[in-house]
Structures are given as C-alpha cells and as structure tokens.
$ cat upload-v4.txt   # compact mmCIF, C-alpha atoms
# COMPACT_ATOMS: atom_id res chain seq x y z
CA MET A 1 -27.54 -131.43 177.85
CA ALA A 2 -26.24 -128.75 180.20
CA GLU A 3 -28.92 -126.23 179.30
CA ARG A 4 -32.64 -126.55 179.10
CA ILE A 5 -33.56 -125.95 175.46
CA VAL A 6 -37.34 -126.17 175.46
CA GLY A 7 -39.37 -123.19 176.61
CA ASP A 8 -36.76 -121.00 178.29
CA LEU A 9 -34.18 -120.70 175.54
CA PRO A 10 -30.57 -119.90 176.36
CA ALA A 11 -30.18 -116.13 176.08
CA ARG A 12 -28.07 -116.32 172.91
CA TRP A 13 -30.72 -118.45 171.21
CA GLN A 14 -33.51 -116.12 172.29
CA ARG A 15 -31.55 -113.18 170.86
CA ALA A 16 -31.26 -115.10 167.60
CA LEU A 17 -34.98 -115.89 167.54
CA ASP A 18 -35.81 -112.23 168.18
CA ALA A 19 -33.43 -111.16 165.41
CA LEU A 20 -34.93 -113.65 162.95
CA CYS A 21 -38.45 -112.42 163.71
CA ALA A 22 -37.32 -108.85 163.11
CA ARG A 23 -35.66 -109.95 159.88
CA ILE A 24 -38.87 -111.55 158.60
CA LEU A 25 -40.62 -108.22 159.13
CA ASP A 26 -37.82 -106.41 157.28
CA ILE A 27 -37.99 -108.86 154.38
CA ARG A 28 -41.77 -108.51 154.21
CA SER A 29 -41.44 -104.75 153.92
CA ALA A 30 -38.78 -105.12 151.23
CA VAL A 31 -40.58 -107.60 148.96
CA GLY A 32 -44.22 -106.53 149.29
CA ASP A 33 -46.51 -108.92 147.43
CA ALA A 34 -43.60 -110.76 145.81
CA TRP A 35 -41.91 -113.84 147.27
CA PRO A 36 -38.38 -113.58 148.71
CA TYR A 37 -35.72 -115.90 147.36
CA HIS A 38 -32.19 -114.75 148.13
CA CYS A 39 -30.27 -111.61 149.01
CA ASP A 40 -26.59 -110.71 148.77
CA PRO A 41 -25.85 -109.07 152.13
CA ALA A 42 -23.28 -106.82 150.47
CA VAL A 43 -25.99 -105.38 148.20
CA GLY A 44 -29.07 -105.71 150.38
CA VAL A 45 -31.61 -106.17 147.59
CA TRP A 46 -33.86 -109.23 147.55
CA ASP A 47 -34.21 -111.34 144.44
CA THR A 48 -37.89 -112.30 144.36
CA THR A 49 -40.23 -114.59 142.43
CA GLU A 50 -43.84 -114.22 141.34
CA ASN A 51 -45.09 -117.50 142.82
CA GLY A 52 -42.59 -118.59 145.46
CA ASP A 53 -40.64 -120.96 143.23
CA TRP A 54 -39.84 -124.15 145.22
CA CYS A 55 -39.85 -122.50 148.65
CA GLY A 56 -43.06 -120.44 148.74
CA GLY A 57 -44.41 -122.60 151.53
CA HIS A 58 -41.40 -121.75 153.66
CA TRP A 59 -42.25 -118.05 153.44
CA VAL A 60 -45.86 -118.75 154.41
CA GLU A 61 -44.72 -120.55 157.55
CA CYS A 62 -42.23 -117.80 158.39
CA LEU A 63 -45.09 -115.29 158.34
CA ARG A 64 -47.32 -117.56 160.41
CA ILE A 65 -44.66 -118.17 163.07
CA VAL A 66 -43.80 -114.49 163.43
CA GLY A 67 -47.50 -113.68 163.48
CA GLU A 68 -48.01 -116.15 166.31
CA LEU A 69 -45.01 -115.02 168.33
CA THR A 70 -45.77 -111.31 167.95
CA GLY A 71 -49.56 -111.53 168.07
CA SER A 72 -49.90 -109.94 164.63
CA ARG A 73 -53.25 -110.70 163.04
CA ALA A 74 -52.06 -109.09 159.81
CA LEU A 75 -49.22 -111.60 159.46
CA LEU A 76 -51.48 -114.55 160.18
CA ASP A 77 -53.98 -113.31 157.60
CA GLU A 78 -51.23 -112.83 155.05
CA ALA A 79 -49.96 -116.37 155.62
CA ALA A 80 -53.44 -117.73 154.90
CA ALA A 81 -53.87 -115.51 151.84
CA ARG A 82 -50.49 -116.53 150.43
CA THR A 83 -51.41 -120.19 150.84
CA GLU A 84 -54.37 -119.56 148.56
CA ARG A 85 -52.04 -117.87 146.09
CA LEU A 86 -50.08 -121.14 145.89
CA ARG A 87 -53.18 -123.15 144.95
CA PRO A 88 -52.64 -122.90 141.15
CA LEU A 89 -49.34 -124.78 141.58
CA LEU A 90 -51.18 -127.86 142.83
CA GLU A 91 -51.32 -129.33 139.32
CA ARG A 92 -47.69 -128.64 138.52
CA ASP A 93 -45.75 -131.91 138.08
CA ASP A 94 -43.16 -130.89 140.63
CA MET A 95 -41.58 -132.74 143.57
CA PHE A 96 -41.59 -129.53 145.58
CA ARG A 97 -45.35 -129.61 145.92
CA GLY A 98 -44.50 -131.54 149.07
CA HIS A 99 -42.69 -128.62 150.67
CA ARG A 100 -44.94 -126.03 149.07
CA PHE A 101 -48.16 -127.38 150.55
CA TYR A 102 -46.87 -128.96 153.75
CA TYR A 103 -45.41 -125.73 155.07
CA SER A 104 -48.44 -123.78 153.86
CA ALA A 105 -51.73 -125.69 153.65
CA ALA A 106 -51.03 -128.52 156.12
CA ARG A 107 -49.70 -126.20 158.78
CA GLN A 108 -52.41 -123.65 158.09
CA HIS A 109 -54.98 -126.36 158.75
CA ALA A 110 -53.27 -127.28 162.01
CA TRP A 111 -53.18 -123.64 163.09
CA THR A 112 -56.62 -122.46 161.92
CA GLY A 113 -58.68 -125.66 161.62
CA ASP A 114 -59.82 -124.47 158.18
CA PRO A 115 -61.11 -127.57 156.34
CA LYS A 116 -60.25 -126.01 152.97
CA MET A 117 -56.60 -126.07 153.97
CA ARG A 118 -56.84 -129.74 154.88
CA THR A 119 -58.40 -130.53 151.52
CA LEU A 120 -55.69 -128.60 149.69
CA ALA A 121 -52.90 -130.35 151.60
CA LEU A 122 -54.46 -133.79 151.00
CA ALA A 123 -54.86 -133.03 147.30
CA ALA A 124 -51.17 -132.18 147.18
CA ALA A 125 -50.25 -135.31 149.12
CA TRP A 126 -52.08 -137.54 146.67
CA ALA A 127 -50.65 -135.65 143.69
CA VAL A 128 -47.09 -136.09 144.93
CA ARG A 129 -47.66 -139.74 145.85
CA ALA A 130 -48.94 -140.36 142.30
CA MET A 131 -45.56 -139.29 140.91
CA ALA A 132 -43.83 -142.53 142.00
CA ILE A 133 -42.19 -144.60 139.28
CA PRO A 134 -44.36 -147.76 139.34
CA SER A 135 -41.53 -150.18 138.58
CA ASN A 136 -39.35 -149.29 141.58
CA GLY A 137 -41.24 -146.79 143.76
CA ALA A 138 -38.72 -143.98 143.28
CA MET A 139 -40.06 -140.45 143.67
CA PRO A 140 -38.88 -138.35 140.70
CA ILE A 141 -38.31 -134.63 140.42
CA GLY A 142 -41.14 -134.22 137.89
CA THR A 143 -41.52 -132.77 134.42
CA GLN A 144 -42.24 -129.26 135.72
CA VAL A 145 -39.93 -129.07 138.71
CA GLN A 146 -39.40 -125.44 139.59
CA VAL A 147 -36.02 -124.29 140.88
CA ARG A 148 -34.55 -121.08 139.52
CA SER A 149 -31.00 -121.44 138.13
CA THR A 150 -31.44 -125.14 137.29
CA GLN A 151 -32.58 -126.73 134.04
CA LEU A 152 -33.37 -130.37 134.66
CA ALA A 153 -36.72 -132.14 134.70
CA GLY A 154 -38.25 -135.56 134.08
CA ARG A 155 -40.17 -138.45 135.56
CA ASP A 156 -37.04 -140.61 135.14
CA LYS A 157 -34.81 -138.38 137.28
CA VAL A 158 -34.51 -138.88 141.03
CA CYS A 159 -32.39 -136.88 143.46
CA VAL A 160 -31.17 -137.51 146.97
CA ASP A 161 -33.34 -134.59 148.15
CA ASN A 162 -36.51 -136.55 147.51
CA VAL A 163 -36.53 -138.30 150.88
CA HIS A 164 -37.56 -134.93 152.31
CA PRO A 165 -39.77 -132.82 149.97
CA ASN A 166 -41.39 -135.82 148.28
CA LEU A 167 -42.22 -137.64 151.52
CA ILE A 168 -43.06 -134.84 153.94
CA LEU A 169 -46.73 -134.86 152.98
CA ASP A 170 -46.83 -138.67 153.20
CA TRP A 171 -46.26 -138.53 156.95
CA TRP A 172 -48.83 -135.79 157.44
CA ALA A 173 -51.47 -137.40 155.19
CA TRP A 174 -51.02 -140.83 156.79
CA ARG A 175 -51.62 -139.33 160.21
CA GLU A 176 -54.65 -137.41 158.93
CA THR A 177 -56.30 -140.28 157.06
CA GLY A 178 -54.76 -143.53 158.30
CA ASP A 179 -54.30 -144.58 154.66
CA GLU A 180 -51.35 -146.98 154.50
CA THR A 181 -50.75 -146.08 150.85
CA PHE A 182 -48.66 -143.16 152.05
CA VAL A 183 -46.46 -145.32 154.27
CA THR A 184 -46.06 -148.08 151.70
CA GLY A 185 -45.02 -145.58 149.04
CA ALA A 186 -42.67 -143.71 151.34
CA ARG A 187 -40.94 -146.92 152.43
CA ARG A 188 -40.33 -147.95 148.83
CA HIS A 189 -38.56 -144.69 148.13
CA LEU A 190 -36.59 -144.71 151.38
CA ASP A 191 -35.37 -148.24 150.76
CA LEU A 192 -34.38 -147.43 147.17
CA THR A 193 -32.45 -144.42 148.47
CA ILE A 194 -30.52 -146.62 150.91
CA ARG A 195 -29.69 -149.03 148.11
CA ASP A 196 -28.76 -146.58 145.35
CA PHE A 197 -27.89 -143.15 146.75
CA ILE A 198 -25.90 -143.87 149.91
CA LEU A 199 -22.28 -144.94 149.45
CA ASP A 200 -20.20 -147.18 151.68
CA ASP A 201 -18.66 -144.18 153.47
CA TRP A 202 -22.16 -142.76 154.17
CA SER A 203 -21.86 -139.95 151.69
CA THR A 204 -24.55 -139.53 149.04
CA VAL A 205 -24.75 -139.07 145.29
CA GLU A 206 -27.06 -136.38 144.02
CA PHE A 207 -28.91 -137.65 140.92
CA ILE A 208 -29.79 -141.01 139.38
CA ASP A 209 -31.68 -141.63 136.15
CA TYR A 210 -33.84 -144.77 136.01
CA ASP A 211 -35.53 -146.64 133.20
CA PRO A 212 -39.19 -146.06 134.14
CA ALA A 213 -40.34 -149.29 132.48
CA THR A 214 -37.93 -151.62 134.30
CA GLY A 215 -36.80 -149.52 137.28
CA ARG A 216 -33.19 -150.18 136.30
CA ARG A 217 -30.58 -147.66 137.39
CA LEU A 218 -28.99 -146.00 134.35
CA ARG A 219 -26.46 -143.44 135.61
CA HIS A 220 -25.60 -141.19 138.52
CA TYR A 221 -24.43 -137.59 138.24
CA THR A 222 -24.58 -134.17 139.87
CA LEU A 223 -26.29 -130.90 139.08
CA LEU A 224 -25.30 -128.81 142.11
CA GLY A 225 -22.19 -130.65 143.31
CA ALA A 226 -18.51 -130.44 142.42
CA HIS A 227 -18.39 -133.57 140.23
CA ASP A 228 -20.48 -136.65 139.54
CA ASP A 229 -18.97 -138.64 142.43
CA SER A 230 -19.03 -135.75 144.89
CA CYS A 231 -21.19 -135.19 147.96
CA TRP A 232 -23.19 -131.97 147.70
CA SER A 233 -23.75 -130.91 151.30
CA ARG A 234 -27.33 -129.72 150.92
CA GLY A 235 -28.19 -133.08 149.40
CA GLN A 236 -26.58 -134.77 152.41
CA ALA A 237 -28.65 -132.47 154.64
CA TRP A 238 -31.90 -133.45 152.93
CA ALA A 239 -30.96 -137.11 153.35
CA ILE A 240 -30.17 -136.70 157.06
CA ALA A 241 -33.39 -134.80 157.71
CA GLY A 242 -35.47 -137.13 155.55
CA PHE A 243 -34.38 -140.34 157.25
CA LEU A 244 -34.67 -138.87 160.74
CA ARG A 245 -38.15 -137.61 159.82
CA ALA A 246 -39.03 -141.12 158.62
CA TRP A 247 -37.92 -142.55 161.95
CA GLU A 248 -39.96 -139.89 163.74
CA ALA A 249 -43.05 -140.97 161.80
CA LEU A 250 -42.60 -144.74 161.84
CA GLY A 251 -40.24 -145.59 164.69
CA ASP A 252 -38.31 -147.90 162.36
CA PRO A 253 -34.79 -148.24 163.89
CA ARG A 254 -33.24 -148.79 160.47
CA TYR A 255 -34.15 -145.27 159.39
CA LEU A 256 -32.75 -143.84 162.62
CA MET A 257 -29.52 -145.74 162.00
CA VAL A 258 -29.25 -144.43 158.45
CA GLY A 259 -29.96 -140.84 159.47
CA SER A 260 -27.44 -141.10 162.29
CA ARG A 261 -24.69 -142.51 160.08
CA LEU A 262 -25.31 -139.83 157.44
CA LEU A 263 -24.98 -137.24 160.21
CA ASP A 264 -21.77 -138.90 161.44
CA TYR A 265 -20.28 -138.44 157.96
CA TRP A 266 -21.22 -134.74 158.16
CA LEU A 267 -19.88 -134.11 161.68
CA ASP A 268 -16.66 -136.02 161.05
CA ARG A 269 -15.90 -133.37 158.41
CA THR A 270 -17.28 -130.23 160.04
CA GLY A 271 -16.79 -130.77 163.75
CA PRO A 272 -19.70 -130.43 166.20
CA GLY A 273 -20.72 -126.91 165.15
CA GLY A 274 -19.14 -126.32 161.78
CA VAL A 275 -21.08 -125.09 158.77
CA PRO A 276 -20.28 -127.49 155.91
CA PRO A 277 -18.53 -126.75 152.65
CA TRP A 278 -20.91 -126.55 149.72
CA ASP A 279 -19.57 -129.98 148.68
CA PHE A 280 -17.81 -132.38 151.02
CA LYS A 281 -15.67 -133.68 148.14
CA ASP A 282 -14.76 -130.34 146.58
CA PRO A 283 -11.18 -130.84 145.31
CA ASP A 284 -10.24 -127.40 146.66
CA LEU A 285 -10.78 -128.59 150.24
CA ALA A 286 -7.38 -130.28 150.23
CA SER A 287 -5.41 -127.36 148.79
CA ASN A 288 -7.16 -124.29 150.17
CA PRO A 289 -9.90 -125.18 152.68
CA GLY A 290 -10.23 -121.63 153.99
CA ALA A 291 -11.35 -120.36 150.60
CA VAL A 292 -14.03 -123.01 150.02
CA VAL A 293 -17.61 -121.72 149.89
CA ARG A 294 -19.81 -122.83 152.82
CA ASP A 295 -23.56 -123.44 152.93
CA SER A 296 -25.32 -122.30 156.08
CA SER A 297 -28.69 -123.32 154.61
CA ALA A 298 -27.58 -126.96 154.57
CA ALA A 299 -26.79 -126.79 158.28
CA ALA A 300 -30.16 -125.12 158.95
CA ILE A 301 -31.99 -128.03 157.29
CA VAL A 302 -30.32 -130.51 159.65
CA VAL A 303 -30.88 -128.30 162.70
CA GLU A 304 -34.61 -128.04 161.97
CA GLN A 305 -35.03 -131.81 162.03
CA LEU A 306 -32.88 -132.20 165.14
CA ALA A 307 -35.11 -129.64 166.86
CA ARG A 308 -38.16 -131.75 166.01
CA LEU A 309 -36.53 -134.60 167.91
CA ALA A 310 -35.14 -132.49 170.74
CA ILE A 311 -38.57 -131.34 171.93
CA ARG A 312 -39.74 -134.91 172.47
CA SER A 313 -39.57 -136.36 175.96
CA ASP A 314 -39.93 -139.99 174.89
CA LEU A 315 -36.79 -140.50 172.83
CA PRO A 316 -35.01 -143.85 173.14
CA PRO A 317 -31.27 -143.59 173.87
CA ASP A 318 -30.09 -143.84 170.24
CA ALA A 319 -32.42 -141.06 169.13
CA ALA A 320 -31.59 -138.93 172.17
CA ARG A 321 -27.90 -139.10 171.24
CA VAL A 322 -28.73 -137.79 167.78
CA ALA A 323 -30.96 -135.01 169.13
CA ALA A 324 -28.28 -133.96 171.63
CA ARG A 325 -26.08 -132.81 168.75
CA ILE A 326 -28.33 -129.83 168.17
CA GLY A 327 -26.70 -127.45 170.66
CA PRO A 328 -23.28 -127.08 169.01
CA MET A 329 -24.91 -127.04 165.56
CA ILE A 330 -27.16 -124.12 166.47
CA ASP A 331 -24.27 -122.27 168.06
CA GLY A 332 -22.22 -122.84 164.92
CA LEU A 333 -25.00 -121.40 162.76
CA LEU A 334 -25.32 -118.38 165.00
CA GLU A 335 -21.75 -117.45 164.10
CA HIS A 336 -23.16 -116.75 160.63
CA LEU A 337 -26.21 -114.81 161.90
CA THR A 338 -26.06 -111.06 162.31
CA LEU A 339 -27.17 -109.77 165.71
CA PRO A 340 -27.71 -106.30 167.19
CA GLY A 341 -24.43 -104.65 168.10
CA ASP A 342 -22.21 -107.24 166.43
CA GLY A 343 -20.28 -104.65 164.44
CA SER A 344 -21.21 -106.15 161.07
CA GLY A 345 -23.01 -103.03 159.90
CA LEU A 346 -25.86 -105.25 158.70
CA ALA A 347 -29.43 -105.55 159.86
CA PRO A 348 -29.98 -108.17 162.57
CA GLY A 349 -31.23 -111.62 161.61
CA ILE A 350 -29.33 -112.15 158.35
CA LEU A 351 -28.15 -115.75 157.99
CA ARG A 352 -25.06 -115.27 155.86
CA ASP A 353 -23.01 -117.72 153.82
CA GLY A 354 -25.79 -119.63 152.11
CA CYS A 355 -24.73 -121.25 148.83
CA PHE A 356 -27.50 -121.84 146.33
CA ASN A 357 -25.76 -123.00 143.13
CA ARG A 358 -21.96 -123.05 143.16
CA PRO A 359 -21.45 -124.58 139.67
CA ARG A 360 -23.38 -121.68 138.13
CA ASP A 361 -21.89 -119.17 140.60
CA TYR A 362 -25.44 -118.18 141.55
CA ALA A 363 -26.12 -116.81 145.04
CA THR A 364 -23.06 -118.47 146.54
CA ARG A 365 -22.59 -116.24 149.62
CA SER A 366 -26.13 -115.14 150.21
CA GLU A 367 -29.02 -114.97 152.59
CA LEU A 368 -31.28 -117.78 151.35
CA ILE A 369 -34.91 -117.69 152.42
CA TRP A 370 -35.04 -121.41 153.18
CA GLY A 371 -31.95 -121.19 155.36
CA THR A 372 -33.56 -118.38 157.33
CA ALA A 373 -36.80 -120.37 157.49
CA TYR A 374 -35.27 -123.59 158.82
CA LEU A 375 -33.31 -121.83 161.55
CA LEU A 376 -36.45 -119.90 162.52
CA PHE A 377 -38.48 -123.13 162.56
CA ALA A 378 -35.92 -124.85 164.78
CA LEU A 379 -35.81 -122.08 167.36
CA TYR A 380 -39.61 -121.81 167.29
CA TYR A 381 -39.96 -125.54 168.07
CA LEU A 382 -37.52 -125.24 170.93
CA LYS A 383 -39.22 -122.10 172.25
CA THR A 384 -42.77 -123.44 172.13
CA GLY A 385 -42.07 -127.14 172.63
CA ARG A 386 -44.26 -128.07 169.67
CA VAL A 387 -44.47 -128.42 165.91
CA VAL A 388 -47.68 -127.05 164.43
CA GLU A 389 -48.96 -129.80 162.16
$ encode --input "upload-v4.txt" --output "structure tokens"
Amino acid sequence: MAERIVGDLPARWQRALDALCARILDIRSAVGDAWPYHCDPAVGVWDTTENGDWCGGHWVECLRIVGELTGSRALLDEAAARTERLRPLLERDDMFRGHRFYYSAARQHAWTGDPKMRTLALAAAWAVRAMAIPSNGAMPIGTQVQVRSTQLAGRDKVCVDNVHPNLILDWWAWRETGDETFVTGARRHLDLTIRDFILDDWSTVEFIDYDPATGRRLRHYTLLGAHDDSCWSRGQAWAIAGFLRAWEALGDPRYLMVGSRLLDYWLDRTGPGGVPPWDFKDPDLASNPGAVVRDSSAAAIVVEQLARLAIRSDLPPDAARVAARIGPMIDGLLEHLTLPGDGSGLAPGILRDGCFNRPRDYATRSELIWGTAYLLFALYYLKTGRVVE
C-alpha cells in the first residue's frame, strides 16, 4: 500500500478517529445510564435501550477504547461497570451473547487481567456453544434472541450472521483454554454455512429453518432483506467477516478463499470504496439506483475485520491481497462520516446512512451504534497495531 497504515495514520484517518472519540463522549453525555442504539441525524435524539439489546458489548468496548486513547479513568471504570450490568443476560438463550460478552467481558479481561471477566466470558462461550443443533452443528438464533424491531426466535432458525456472533467467543475461548470443542463446533457451523447459505454467485441467503431432529434443511427466507432470494448486505458483511475471522484463528485456506470470494461479490457491486445498498438484490437497484437506501454499518463490519488482518506482518500473499482492500473501503466510509468544518451542520463523528431494518422502515438512514463501533475499532487497531483480546 502507498501509505503506512499502522501507527502513524494518514491524516484523514486520524481526523476520523479523533471525531469518533469525540462522538462517543457526546453520545455518553446524551444517553446517561441508558444504552445507545440509533439516532436520526436530522433529529439528533438517541433511541436507547435498558440493557444494550444485541449490541451492548459494542458500547462497552467503545468506552474502553476512548478511555484508553484519552487516558480517562472514568471511561475505563464505566466500561467495567457496564460489563457487570450485562451479566444477567448470560442465561438468555440468545445468539448475541457471543458479541455481548466478547466485546465486553473477554476484552475487559485482556485489558484489566480481572479473572472475574475471564470467567464471565468463558461462561458465555460455553453457553453459546451449547446452542448448537446436535444433528447438524448449526448455531441457531435462540428462543430469546434480542433485536429490537424483529420478531423471530427459535432453536430451529439459523441466519447467515451466525458465523460471526455465534463463533466469536469460540476463537477466544479456544485460545484461552486449548479446548478443541470450540474449534470442532465452529468448523461444523462454518461448513454448514458454506453448503447451505452461500449461493453459486457468492451471494448469501439470510435465514434457513432446519428440522432439529434430523438436521434437514426445511426452507430459506429473509427477515431483513428485500425478498426471500435476495442478498441482505449486512448479512453478507457478517459472512465476510466471519469467514476471514475463522481463517485468522485457524489458518485454514478454505475459509480465506470463502471470505475472499464473498468480498469479491461485494466489491464487484460497490466498487473499491462504495457503501453497499441495504440489499444487493433490491429490485429498485435496476430502475432507480440513486434512490436505494445504503447501509454504512455493513461496510463498517467488513472494515473492522480487514483491519484485524492489516495489522499483521505475517500475512501470506492471498491474505495480504484481501487486507490491502481496506484503504479504499475506509475512505469510502469516511464520505459518510461528519468531520469538523465539513459544512454539514452536524456534530463531528456521526456515521450517517446506516440502515437497520428496511422492510419495517425502522432506522433506515441513521447513526447506528454498531456501525460507529466497528469503524472506531478498525481505526483503533490501525492506530495501535493491536487488538485487545
């Protein structure tokens, strides 16, 4: 790459990181003890939750990162305290326990060395691993899955997302304990995803129902996409990030190939730095592409995983080619980020154009806390040259 991206960030990226840190402080002041979820930039009021919903762990890590970068003890203490506030959700039968406790408890343990945080993260890892459908190894969404604006749950329902939230604690717990159960279980789900969720053109379907007794596939459909055979871009993002994360953990070239081909599908339709449409197969793309809703949070998910790869100095050529795509993707995202003096009239650090739930017309052009989080994480990795885990 033409520019060094670890340590001394390009000036435009450093400006973005500074703006995001300032935005986290603004959000903290706005929400108080509540948990931020999404905000319409035109209104400026945060919709909050009482317990973080599916992305409470993301907010914990945002606070920790900004606390580290600014030297704020108060932010670091709040991150630890909010992790404890998530503890009651440990027993919730919810796929997002992976995200919830990886970004909070696991990273808190890495940062503080607190053994209680390690125990909490391991408890979550085992709880999520126990969700697997025994007959085929698929990781379901759970009977108590918590995502505001959606109404779907069950141990028979599996979504393309699950290669990321359901497996993220597997990689951490395997490294912590050496227990191969985590790898064996993760591989079963990854291989099922390749078989059932990824189509010949390297797009993905969103949901599949299985017969838990036999493991037989029953039907595929969408909840957040345009139609049952569509390709919801945030689902594609989770798949890209999940398979690249699996390669990062295991070094299995098949997972790198899958992640790379999924990313090729994305870039063939967005260009090197484009933010994707909310659904790659939205029928309106053909007739009126300029009016189609975009999802900056989907791009941020991919960028975060590419940043994890980009900071490594030992990448083989195939992985280095994937990681090298990060520059244009970050620059593309920054076109949707407000910065000081940009004439937008908005506070700096707002990642605009996040689409939460287009079918329900819910938060479709909004600042989404997970989009903000993943862009912040990516720039933090590149700035510090490390991932705290």
$ closest_atom_pairs --input "upload-v4.txt" --of "segment 69-151 of chain A" --to "segment 175-178 of chain A" --cutoff "12 Å" --atoms "only C-alpha atoms" --output "tab-separated table"
residue	atom	partner	partner_atom	distance
A:Ala106	CA	A:Glu176	CA	10.0
A:His109	CA	A:Glu176	CA	11.1
A:Ala110	CA	A:Glu176	CA	10.7
A:Arg118	CA	A:Glu176	CA	8.9
A:Thr119	CA	A:Glu176	CA	10.8
A:Ala121	CA	A:Glu176	CA	10.3
A:Leu122	CA	A:Glu176	CA	8.7
A:Ala125	CA	A:Glu176	CA	11.0
A:Trp126	CA	A:Thr177	CA	11.5
$ residues_around --input "upload-v4.txt" --residues "Leu379 of chain A" --least-positions-apart "2" --cutoff "12 Å" --atoms "only C-alpha atoms" --output "PyMOL selection string"
chain A and resi 5-21+62+65-66+69+300+303-308+310-311+326-327+330-331+333-334+372-377+381-387
$ residues_around --input "upload-v4.txt" --residues "Phe101 of chain A" --least-positions-apart "3" --cutoff "7 Å" --atoms "all atoms listed in the file" --output "PyMOL selection string"
chain A and resi 57+97-98+104-106+121+124
$ closest_residue --input "upload-v4.txt" --among "A:Lys281, A:Arg23, A:Lys116, A:His164" --to "Phe96 of chain A" --atoms "all atoms listed in the file"
A:His164
$ closest_residue --input "upload-v4.txt" --among "A:Asp94, A:Val302, A:Leu190, A:Met131" --to "Leu152 of chain A" --atoms "all atoms listed in the file"
A:Asp94
$ atom_distance --input "upload-v4.txt" --atom1 "atom CA of Asp284 of chain A" --atom2 "atom CA of Phe207 of chain A"
22.1 Å
$ closest_atom_pairs --input "upload-v4.txt" --of "segment 18-96 of chain A" --to "segment 135-146 of chain A" --cutoff "12 Å" --atoms "only C-alpha atoms" --output "Markdown table"
| residue | atom | partner | partner_atom | distance |
| --- | --- | --- | --- | --- |
| A:Thr49 | CA | A:Gln146 | CA | 11.2 |
| A:Asn51 | CA | A:Gln146 | CA | 10.3 |
| A:Gly52 | CA | A:Gln146 | CA | 9.6 |
| A:Asp53 | CA | A:Gln146 | CA | 5.9 |
| A:Trp54 | CA | A:Gln146 | CA | 5.8 |
| A:Cys55 | CA | A:Gln146 | CA | 9.5 |
| A:Gly56 | CA | A:Gln146 | CA | 11.1 |
| A:Leu89 | CA | A:Gln146 | CA | 10.2 |
| A:Leu90 | CA | A:Gln144 | CA | 11.5 |
| A:Glu91 | CA | A:Gln144 | CA | 9.8 |
| A:Arg92 | CA | A:Gln144 | CA | 6.2 |
| A:Asp93 | CA | A:Gln144 | CA | 5.0 |
| A:Asp94 | CA | A:Val145 | CA | 4.2 |
| A:Met95 | CA | A:Ile141 | CA | 4.9 |
| A:Phe96 | CA | A:Val145 | CA | 7.1 |
$ closest_residue --input "upload-v4.txt" --among "A:Ala186, A:Cys231, A:Ile208, A:Val60" --to "Asp282 of chain A" --atoms "only C-alpha atoms"
A:Cys231
$ atom_distance --input "upload-v4.txt" --atom1 "atom CA of Ala246 of chain A" --atom2 "atom CA of Asp318 of chain A"
14.9 Å
